[in-house]
Amino acid sequence: MEENLELIHRYIKGECDPVEKQGVEQRLREDGDFMAAYEAERAIIQGIGLAERERLKNELKSVSVKSEGPRINYWLAVAALIPLLILGYYFFNIQPDTNELYSNYYEPYGNYEFGIERGESDSLSTLQTIFKAYDNGDYSQVRIGLDSLILSDSRSSFVFYRGICNLELEKVDSAIRDFSKVMESTSDYKTIATWYLALAHLQNKDTERTEALLKKLIEANQMTKRAEELLNQLP
């Protein structure tokens with residue numbers, strides 16, 4: 001576990017060599033638990049979490065300062081604090097609504113497959129141009145580009161990323177159609193599409209469908225920790 005976290009930490013900071021980078025990106029596509037660990041580490045490093053994540057980060061910082069061997073104690077502190085946070089959550093009977101839960105758990109999926117290597121920016125293909133726009137958060141432009149690509153190449157990865165763009169553009173019903181289509185395939189994106197489909201239904205306040213999809217992930221032993229965590233907070 002510690003080895004995975006160190007690797008993820010170096011990947012986020014851009015310190016991996018090309019072979020390591022390729023291996024990490026493959027695992028992010030294929031291993032739901034590894035992807036969940038990546039998201040958690042990135043949330044802590046970048047400080048993009050909401051209230052509870054920020055509180056956890058501050059608590060960890062205060063523990064780390066007093067400790068020897070900060071990296072190891074950091075993760076011991078995570079293990080120690082999480083049960084306290086959970087107990088505090090239920091003690092005060094905080095029940096987030098669907099909008100809050102969606103905000104807490106949603107962030108756009110990273111571009112792990114169509115990245116641009118250094119030195120390639122002078123002559124980009126159509127696909128690279130689309131995903132450069134994705135990396136820049138220009139989801140409206142990306143959606144237009146993917147619509148055009150999908151007319152001749154309906155591969156699941158294109159449909160999946162169009163679903164992310166639709167969520168970002170608040171076209172939730174369109175996102176649901178895209179993720180549902182990916183789920184029907186045998187693509188490597190099937191698991192992560194299930195997760196985002198659950199979030200899309202959550203955004204639509206359809207907690208029954210969200211619950212069913214989260215249970216499907218848990219039963220398949222995919223993204224189990226995140227799925228269980230969200231499932232336990234559904235209204």
# chains A, B, ... in the order shown; residues from 1 in each chain; ligands from 1

call {"tool": "residues_around", "arguments": {"residues": "A:Ala133", "least_positions_apart": "3", "cutoff": "12 Å", "atoms": "only C-alpha atoms", "output": "list of chain:residue names"}}
result
A:Asn111, A:Phe114, A:Gly115, A:Ile116, A:Leu124, A:Thr126, A:Leu127, A:Gln128, A:Thr129, A:Ile130, A:Asn136, A:Gly137, A:Asp138, A:Tyr139, A:Ser140, A:Gln141, A:Val142, A:Arg143, A:Ile144, A:Gly145, A:Leu146, A:Cys165

call {"tool": "residues_around", "arguments": {"residues": "A:Val24", "least_positions_apart": "5", "cutoff": "10 Å", "atoms": "only C-alpha atoms", "output": "list of chain:residue names"}}
result
A:Asn4, A:Leu7, A:Ile8, A:Tyr11, A:Cys16, A:Pro18, A:Val19, A:Arg29, A:Glu30, A:Asp31, A:Phe34, A:Met35, A:Tyr38, A:Tyr112

call {"tool": "write_last_selection", "arguments": {"atoms": "C-alpha atoms", "output": "PDB file, in the first residue's frame"}}
result
ATOM      1  CA  ASN A   4       1.489   2.460  -4.291  1.00  0.00           C
ATOM      2  CA  LEU A   7       4.256   5.932  -6.805  1.00  0.00           C
ATOM      3  CA  ILE A   8       1.011   7.918  -7.018  1.00  0.00           C
ATOM      4  CA  TYR A  11       3.139  10.621 -10.632  1.00  0.00           C
ATOM      5  CA  CYS A  16       7.847   9.371 -12.888  1.00  0.00           C
ATOM      6  CA  PRO A  18       8.143   7.352 -19.042  1.00  0.00           C
ATOM      7  CA  VAL A  19       7.872   3.635 -18.203  1.00  0.00           C
ATOM      8  CA  ARG A  29      -7.754   2.765 -16.355  1.00  0.00           C
ATOM      9  CA  GLU A  30      -7.974  -0.843 -15.154  1.00  0.00           C
ATOM     10  CA  ASP A  31      -7.788  -0.812 -11.343  1.00  0.00           C
ATOM     11  CA  PHE A  34      -5.778   2.228  -7.456  1.00  0.00           C
ATOM     12  CA  MET A  35      -7.705   5.028  -9.139  1.00  0.00           C
ATOM     13  CA  TYR A  38      -4.912   8.310  -6.713  1.00  0.00           C
ATOM     14  CA  TYR A 112      -4.957   9.138 -18.865  1.00  0.00           C
TER      15      TYR A 112
END

call {"tool": "atom_distance", "arguments": {"atom1": "atom CA of A:Thr191", "atom2": "atom CA of A:Leu28"}}
result
11.2 Å

call {"tool": "residues_around", "arguments": {"residues": "A:Leu101", "least_positions_apart": "5", "cutoff": "10 Å", "atoms": "only C-alpha atoms", "output": "NGL selection string"}}
result
:A and (95-96 or 106 or 199 or 202-203 or 230 or 233-235)

call {"tool": "closest_residue", "arguments": {"among": "A:Leu167, A:Val182, A:Ile12, A:Leu5", "to": "A:Asp33", "atoms": "only C-alpha atoms"}}
result
A:Leu5

call {"tool": "closest_residue", "arguments": {"among": "A:Gln26, A:Asn99, A:Thr224, A:Thr186", "to": "A:His201", "atoms": "only C-alpha atoms"}}
result
A:Asn99

call {"tool": "atom_distance", "arguments": {"atom1": "atom CA of A:Arg177", "atom2": "atom CA of A:Ile164"}}
result
11.4 Å

call {"tool": "residues_around", "arguments": {"residues": "A:Leu217", "least_positions_apart": "3", "cutoff": "8 Å", "atoms": "only C-alpha atoms", "output": "PDB file with N, CA, C and O atoms, in the first residue's frame"}}
result
ATOM      1  N   THR A 191     -16.002  -0.080 -15.742  1.00  0.00           N
ATOM      2  CA  THR A 191     -16.101   0.139 -14.290  1.00  0.00           C
ATOM      3  C   THR A 191     -16.236   1.605 -13.951  1.00  0.00           C
ATOM      4  O   THR A 191     -17.124   2.010 -13.185  1.00  0.00           O
ATOM      5  N   THR A 194     -19.548   3.029 -14.719  1.00  0.00           N
ATOM      6  CA  THR A 194     -20.565   2.680 -13.723  1.00  0.00           C
ATOM      7  C   THR A 194     -20.556   3.695 -12.583  1.00  0.00           C
ATOM      8  O   THR A 194     -21.604   4.143 -12.111  1.00  0.00           O
ATOM      9  N   TRP A 195     -19.364   4.066 -12.151  1.00  0.00           N
ATOM     10  CA  TRP A 195     -19.231   5.054 -11.067  1.00  0.00           C
ATOM     11  C   TRP A 195     -19.826   6.395 -11.487  1.00  0.00           C
ATOM     12  O   TRP A 195     -20.618   7.001 -10.763  1.00  0.00           O
ATOM     13  N   LEU A 213     -26.456   1.027  -8.616  1.00  0.00           N
ATOM     14  CA  LEU A 213     -25.165   1.018  -9.305  1.00  0.00           C
ATOM     15  C   LEU A 213     -24.008   0.897  -8.320  1.00  0.00           C
ATOM     16  O   LEU A 213     -23.018   0.196  -8.586  1.00  0.00           O
ATOM     17  N   LEU A 214     -24.108   1.557  -7.179  1.00  0.00           N
ATOM     18  CA  LEU A 214     -23.061   1.450  -6.164  1.00  0.00           C
ATOM     19  C   LEU A 214     -22.974   0.018  -5.637  1.00  0.00           C
ATOM     20  O   LEU A 214     -21.876  -0.522  -5.438  1.00  0.00           O
ATOM     21  N   ALA A 220     -19.124  -6.499  -7.369  1.00  0.00           N
ATOM     22  CA  ALA A 220     -18.064  -6.887  -8.309  1.00  0.00           C
ATOM     23  C   ALA A 220     -16.674  -6.605  -7.743  1.00  0.00           C
ATOM     24  O   ALA A 220     -15.674  -6.819  -8.422  1.00  0.00           O
ATOM     25  N   ASN A 221     -16.622  -6.115  -6.494  1.00  0.00           N
ATOM     26  CA  ASN A 221     -15.353  -5.779  -5.839  1.00  0.00           C
ATOM     27  C   ASN A 221     -14.575  -4.746  -6.645  1.00  0.00           C
ATOM     28  O   ASN A 221     -13.362  -4.847  -6.816  1.00  0.00           O
ATOM     29  N   GLN A 222     -15.281  -3.743  -7.118  1.00  0.00           N
ATOM     30  CA  GLN A 222     -14.680  -2.670  -7.907  1.00  0.00           C
ATOM     31  C   GLN A 222     -14.964  -1.325  -7.242  1.00  0.00           C
ATOM     32  O   GLN A 222     -16.095  -1.023  -6.905  1.00  0.00           O
ATOM     33  N   MET A 223     -13.923  -0.543  -7.043  1.00  0.00           N
ATOM     34  CA  MET A 223     -14.055   0.763  -6.380  1.00  0.00           C
ATOM     35  C   MET A 223     -14.848   0.632  -5.086  1.00  0.00           C
ATOM     36  O   MET A 223     -15.681   1.482  -4.746  1.00  0.00           O
ATOM     37  N   THR A 224     -14.591  -0.432  -4.358  1.00  0.00           N
ATOM     38  CA  THR A 224     -15.429  -0.805  -3.215  1.00  0.00           C
ATOM     39  C   THR A 224     -15.463   0.273  -2.137  1.00  0.00           C
ATOM     40  O   THR A 224     -16.539   0.626  -1.626  1.00  0.00           O
ATOM     41  N   ALA A 227     -17.429   3.383  -3.258  1.00  0.00           N
ATOM     42  CA  ALA A 227     -18.835   3.034  -3.454  1.00  0.00           C
ATOM     43  C   ALA A 227     -19.541   2.854  -2.102  1.00  0.00           C
ATOM     44  O   ALA A 227     -20.659   3.337  -1.898  1.00  0.00           O
TER      45      ALA A 227
END

call {"tool": "select_by_dssp", "arguments": {"residues": "stretch 101-228 of chain A", "states": "helix (DSSP H, G or I)", "output": "ChimeraX atom specification"}}
result
/A:101-105,126-135,139-152,156-168,172-183,190-203,207-219,224-228

call {"tool": "closest_residue", "arguments": {"among": "A:Ser154, A:Glu3, A:Lys190, A:Tyr109", "to": "A:Lys216", "atoms": "only C-alpha atoms"}}
result
A:Lys190

call {"tool": "atom_distance", "arguments": {"atom1": "atom CA of A:Ile192", "atom2": "atom CA of A:Glu15"}}
result
25.7 Å
